[in-house]
Amino acid sequence: MLKIGFRTIKTAVGVSISVLLGELLGLQNFASAGILTLLCVQKSRKRSIQAAVSRFFACLGGMFISTGIFELIGYHAYSFLVLLLLFIPLVVRFKIQEGIASSAVIMMHVYMHGKVEASFFLNEFLIVVIGLGVALLVNWYMPSIDRVLVKYQEETERLISAILLEIANYLKSGYTLWDGKELLLLEDTLAKARSVAALDAENHRTIDKRNDYGIFFENKRRQYHLLERMLPMVSRITAQMEQSNRIGDFVIQLSEQLRQPDKSGELNDKLRTIREYHKQLPLPQTREEFENRASLFTMANELERFIDTI
């Protein structure tokens with residue numbers, strides 16, 4: 001079934017309004033206002049504003065520069081060679097290259113008009129203002145995507161909790177049948193979530209409002225990398241010991257309290273207690289025991305860093 005997105009609807013409405021306004025004002029080439037609107041509707045408010053500013057200055061610059069070139073060389077097709085060789089590097093230099101296509105529309109009008117007239121410049125200026133102004137207006141409303149972000153939050157925490165439980169199972173019982181799919185799903189979910197969170201920030205964040213979703217997913221990205229670093233340490237533990245059972249119980253508690261940042265102090269205290277207990281144990285008697293305890297010690301360091309991201 002054909003699916004029509006909200007941005008498509010806004011673009012269609014904006015183009016129609018621009019063409020209608022241009023026609024009502026009796027402008028020449030009024031349909032070009034619709035083209036400018038079409039080019040300016042973006043995914044977010046921020047991008048739409050940036051596009052409008054770039055296109056506004058590029059269109060004005062293109063109108064006056066093309067007039068100068070055509071008056072100097074003549075209104076001939078080969079004049080575009082000189083015009084574009086000068087104009088394109090200029091807009092790139094001023095970082096308004098987004099407006100190249102839009103300004104080309106205005107430069108074509110200058111070429112077809114074939115002479116310098118104040119009324120013509122006013123006509124083109126109004127086309128630019130209508131086209132870009134309507135695009136900004138229709139793009140100002142952005143639907144909330146909080147529901148999508150909350151869904152990503154829940155899925156991210158579910159996956160991290162599942163990974164922690166798999167680590168705990170291995171530490172406590174040597175369970176080794178896990179295929180690691182949750183780690184791959186977590187990486188993919190975080191990539192999508194961070195992209196949506198960035199879009200939400202561009203649409204709704206103000207100077208006085210933090211990008212809470214962005215902060216949340218950035219912390220989850222750190223947790224993901226810490227889990228990646230823990231897994232090789234866990235896999236090097238070849239025997240179940242009292243120390244691994246204690247760390248395993250702690251990891252289970254960590255997975256259960258993942259959504260409770262107020263518990264981070266309690267978790268740090270418990271981890272510190274476990275580490276102090278391990279320091280008082282007799283020295284390892286075999287190389288295997290030494291390596292296992294070294295892996296647990298390193299893992300405890302990573303768990304401490306993990307707690308700081310909750």
# chains A, B, ... in the order shown; residues from 1 in each chain; ligands from 1
call {"tool": "select_by_dssp", "arguments": {"residues": "stretch 74-237 of chain A", "states": "helix (DSSP H, G or I)", "output": "count of residues only"}}
result
131
call {"tool": "residues_around", "arguments": {"residues": "A:Tyr213", "least_positions_apart": "3", "cutoff": "7 Å", "atoms": "only C-alpha atoms", "output": "list in words"}}
result
Ala197, Phe216 and Phe217 of chain A
call {"tool": "residues_around", "arguments": {"residues": "A:Lys172", "least_positions_apart": "6", "cutoff": "12 Å", "atoms": "only C-alpha atoms", "output": "number ranges by chain"}}
result
A: 165-166, 234, 237-252
call {"tool": "residues_around", "arguments": {"residues": "A:Gln97", "least_positions_apart": "3", "cutoff": "10 Å", "atoms": "only C-alpha atoms", "output": "list of chain:residue names"}}
result
A:Ala51, A:Ser54, A:Arg55, A:Ala58, A:Phe87, A:Ile88, A:Pro89, A:Leu90, A:Val91, A:Val92, A:Arg93, A:Phe94, A:Ile100, A:Ala101, A:Ser102, A:Ser103
call {"tool": "write_last_selection", "arguments": {"atoms": "all heavy atoms", "output": "tab-separated table (two decimals), in the first residue's frame"}}
result
chain	number	residue	atom	x	y	z
A	51	ALA	N	18.98	25.81	5.57
A	51	ALA	CA	18.77	25.76	4.12
A	51	ALA	C	18.18	27.07	3.61
A	51	ALA	O	18.57	27.57	2.55
A	51	ALA	CB	17.84	24.59	3.78
A	54	SER	N	20.92	29.82	3.60
A	54	SER	CA	21.87	29.59	2.50
A	54	SER	C	21.25	29.94	1.15
A	54	SER	O	21.86	30.62	0.32
A	54	SER	CB	22.31	28.12	2.49
A	54	SER	OG	23.02	27.79	3.65
A	55	ARG	N	20.02	29.48	0.95
A	55	ARG	CA	19.37	29.73	-0.33
A	55	ARG	C	19.02	31.21	-0.53
A	55	ARG	O	19.06	31.72	-1.65
A	55	ARG	CB	18.11	28.86	-0.45
A	55	ARG	CG	18.44	27.41	-0.73
A	55	ARG	CD	17.21	26.51	-0.63
A	55	ARG	NE	17.47	25.19	-1.16
A	55	ARG	CZ	18.12	24.23	-0.52
A	55	ARG	NH1	18.55	24.45	0.71
A	55	ARG	NH2	18.34	23.05	-1.07
A	58	ALA	N	22.28	32.95	-1.43
A	58	ALA	CA	22.75	32.45	-2.72
A	58	ALA	C	21.88	32.98	-3.85
A	58	ALA	O	22.38	33.36	-4.92
A	58	ALA	CB	22.73	30.92	-2.73
A	87	PHE	N	30.63	31.77	-9.91
A	87	PHE	CA	29.61	31.75	-8.86
A	87	PHE	C	29.75	30.53	-7.93
A	87	PHE	O	29.67	30.69	-6.70
A	87	PHE	CB	28.22	31.76	-9.50
A	87	PHE	CG	27.11	31.77	-8.50
A	87	PHE	CD1	26.84	32.90	-7.74
A	87	PHE	CD2	26.33	30.64	-8.28
A	87	PHE	CE1	25.82	32.92	-6.80
A	87	PHE	CE2	25.30	30.64	-7.35
A	87	PHE	CZ	25.05	31.77	-6.61
A	88	ILE	N	29.97	29.36	-8.49
A	88	ILE	CA	30.01	28.15	-7.65
A	88	ILE	C	31.16	28.19	-6.63
A	88	ILE	O	30.95	27.95	-5.43
A	88	ILE	CB	30.08	26.87	-8.52
A	88	ILE	CG1	28.76	26.71	-9.29
A	88	ILE	CG2	30.37	25.64	-7.67
A	88	ILE	CD1	28.73	25.53	-10.24
A	89	PRO	N	32.40	28.53	-7.03
A	89	PRO	CA	33.45	28.64	-6.01
A	89	PRO	C	33.15	29.71	-4.96
A	89	PRO	O	33.55	29.57	-3.80
A	89	PRO	CB	34.70	29.01	-6.83
A	89	PRO	CG	34.41	28.52	-8.20
A	89	PRO	CD	32.94	28.71	-8.39
A	90	LEU	N	32.44	30.76	-5.38
A	90	LEU	CA	32.13	31.84	-4.45
A	90	LEU	C	31.17	31.36	-3.35
A	90	LEU	O	31.39	31.63	-2.16
A	90	LEU	CB	31.51	33.02	-5.22
A	90	LEU	CG	31.29	34.30	-4.42
A	90	LEU	CD1	32.63	34.87	-3.95
A	90	LEU	CD2	30.55	35.33	-5.27
A	91	VAL	N	30.09	30.65	-3.73
A	91	VAL	CA	29.14	30.18	-2.71
A	91	VAL	C	29.76	29.10	-1.84
A	91	VAL	O	29.44	28.99	-0.65
A	91	VAL	CB	27.82	29.69	-3.36
A	91	VAL	CG1	27.08	30.82	-4.01
A	91	VAL	CG2	28.06	28.55	-4.35
A	92	VAL	N	30.64	28.30	-2.42
A	92	VAL	CA	31.35	27.29	-1.61
A	92	VAL	C	32.26	27.98	-0.59
A	92	VAL	O	32.35	27.56	0.57
A	92	VAL	CB	32.17	26.35	-2.51
A	92	VAL	CG1	33.07	25.44	-1.66
A	92	VAL	CG2	31.24	25.50	-3.38
A	93	ARG	N	32.91	29.06	-1.03
A	93	ARG	CA	33.79	29.82	-0.13
A	93	ARG	C	33.02	30.36	1.06
A	93	ARG	O	33.51	30.37	2.18
A	93	ARG	CB	34.45	30.96	-0.91
A	93	ARG	CG	35.25	31.94	-0.06
A	93	ARG	CD	36.49	31.27	0.52
A	93	ARG	NE	37.29	32.20	1.30
A	93	ARG	CZ	37.02	32.55	2.55
A	93	ARG	NH1	35.98	32.05	3.17
A	93	ARG	NH2	37.81	33.39	3.19
A	94	PHE	N	31.79	30.80	0.83
A	94	PHE	CA	30.97	31.35	1.91
A	94	PHE	C	30.06	30.30	2.56
A	94	PHE	O	29.20	30.64	3.36
A	94	PHE	CB	30.12	32.52	1.38
A	94	PHE	CG	30.92	33.77	1.12
A	94	PHE	CD1	31.34	34.09	-0.16
A	94	PHE	CD2	31.27	34.60	2.18
A	94	PHE	CE1	32.08	35.24	-0.40
A	94	PHE	CE2	32.00	35.76	1.94
A	94	PHE	CZ	32.41	36.08	0.66
A	100	ILE	N	22.95	26.53	-4.45
A	100	ILE	CA	23.34	26.55	-5.87
A	100	ILE	C	22.14	26.26	-6.77
A	100	ILE	O	21.89	26.98	-7.74
A	100	ILE	CB	24.48	25.55	-6.13
A	100	ILE	CG1	25.77	26.04	-5.46
A	100	ILE	CG2	24.71	25.38	-7.63
A	100	ILE	CD1	26.94	25.06	-5.56
A	101	ALA	N	21.41	25.20	-6.46
A	101	ALA	CA	20.26	24.83	-7.31
A	101	ALA	C	19.19	25.92	-7.29
A	101	ALA	O	18.63	26.27	-8.33
A	101	ALA	CB	19.68	23.50	-6.83
A	102	SER	N	18.91	26.45	-6.10
A	102	SER	CA	17.89	27.50	-5.99
A	102	SER	C	18.30	28.76	-6.76
A	102	SER	O	17.49	29.38	-7.46
A	102	SER	CB	17.66	27.86	-4.52
A	102	SER	OG	17.31	26.71	-3.78
A	103	SER	N	19.54	29.16	-6.60
A	103	SER	CA	20.00	30.38	-7.27
A	103	SER	C	20.04	30.19	-8.79
A	103	SER	O	19.89	31.17	-9.54
A	103	SER	CB	21.38	30.77	-6.74
A	103	SER	OG	22.31	29.71	-6.93
call {"tool": "closest_residue", "arguments": {"among": "A:Asn268, A:Lys181, A:Val129, A:Ala294", "to": "A:Thr37", "atoms": "only C-alpha atoms"}}
result
A:Val129
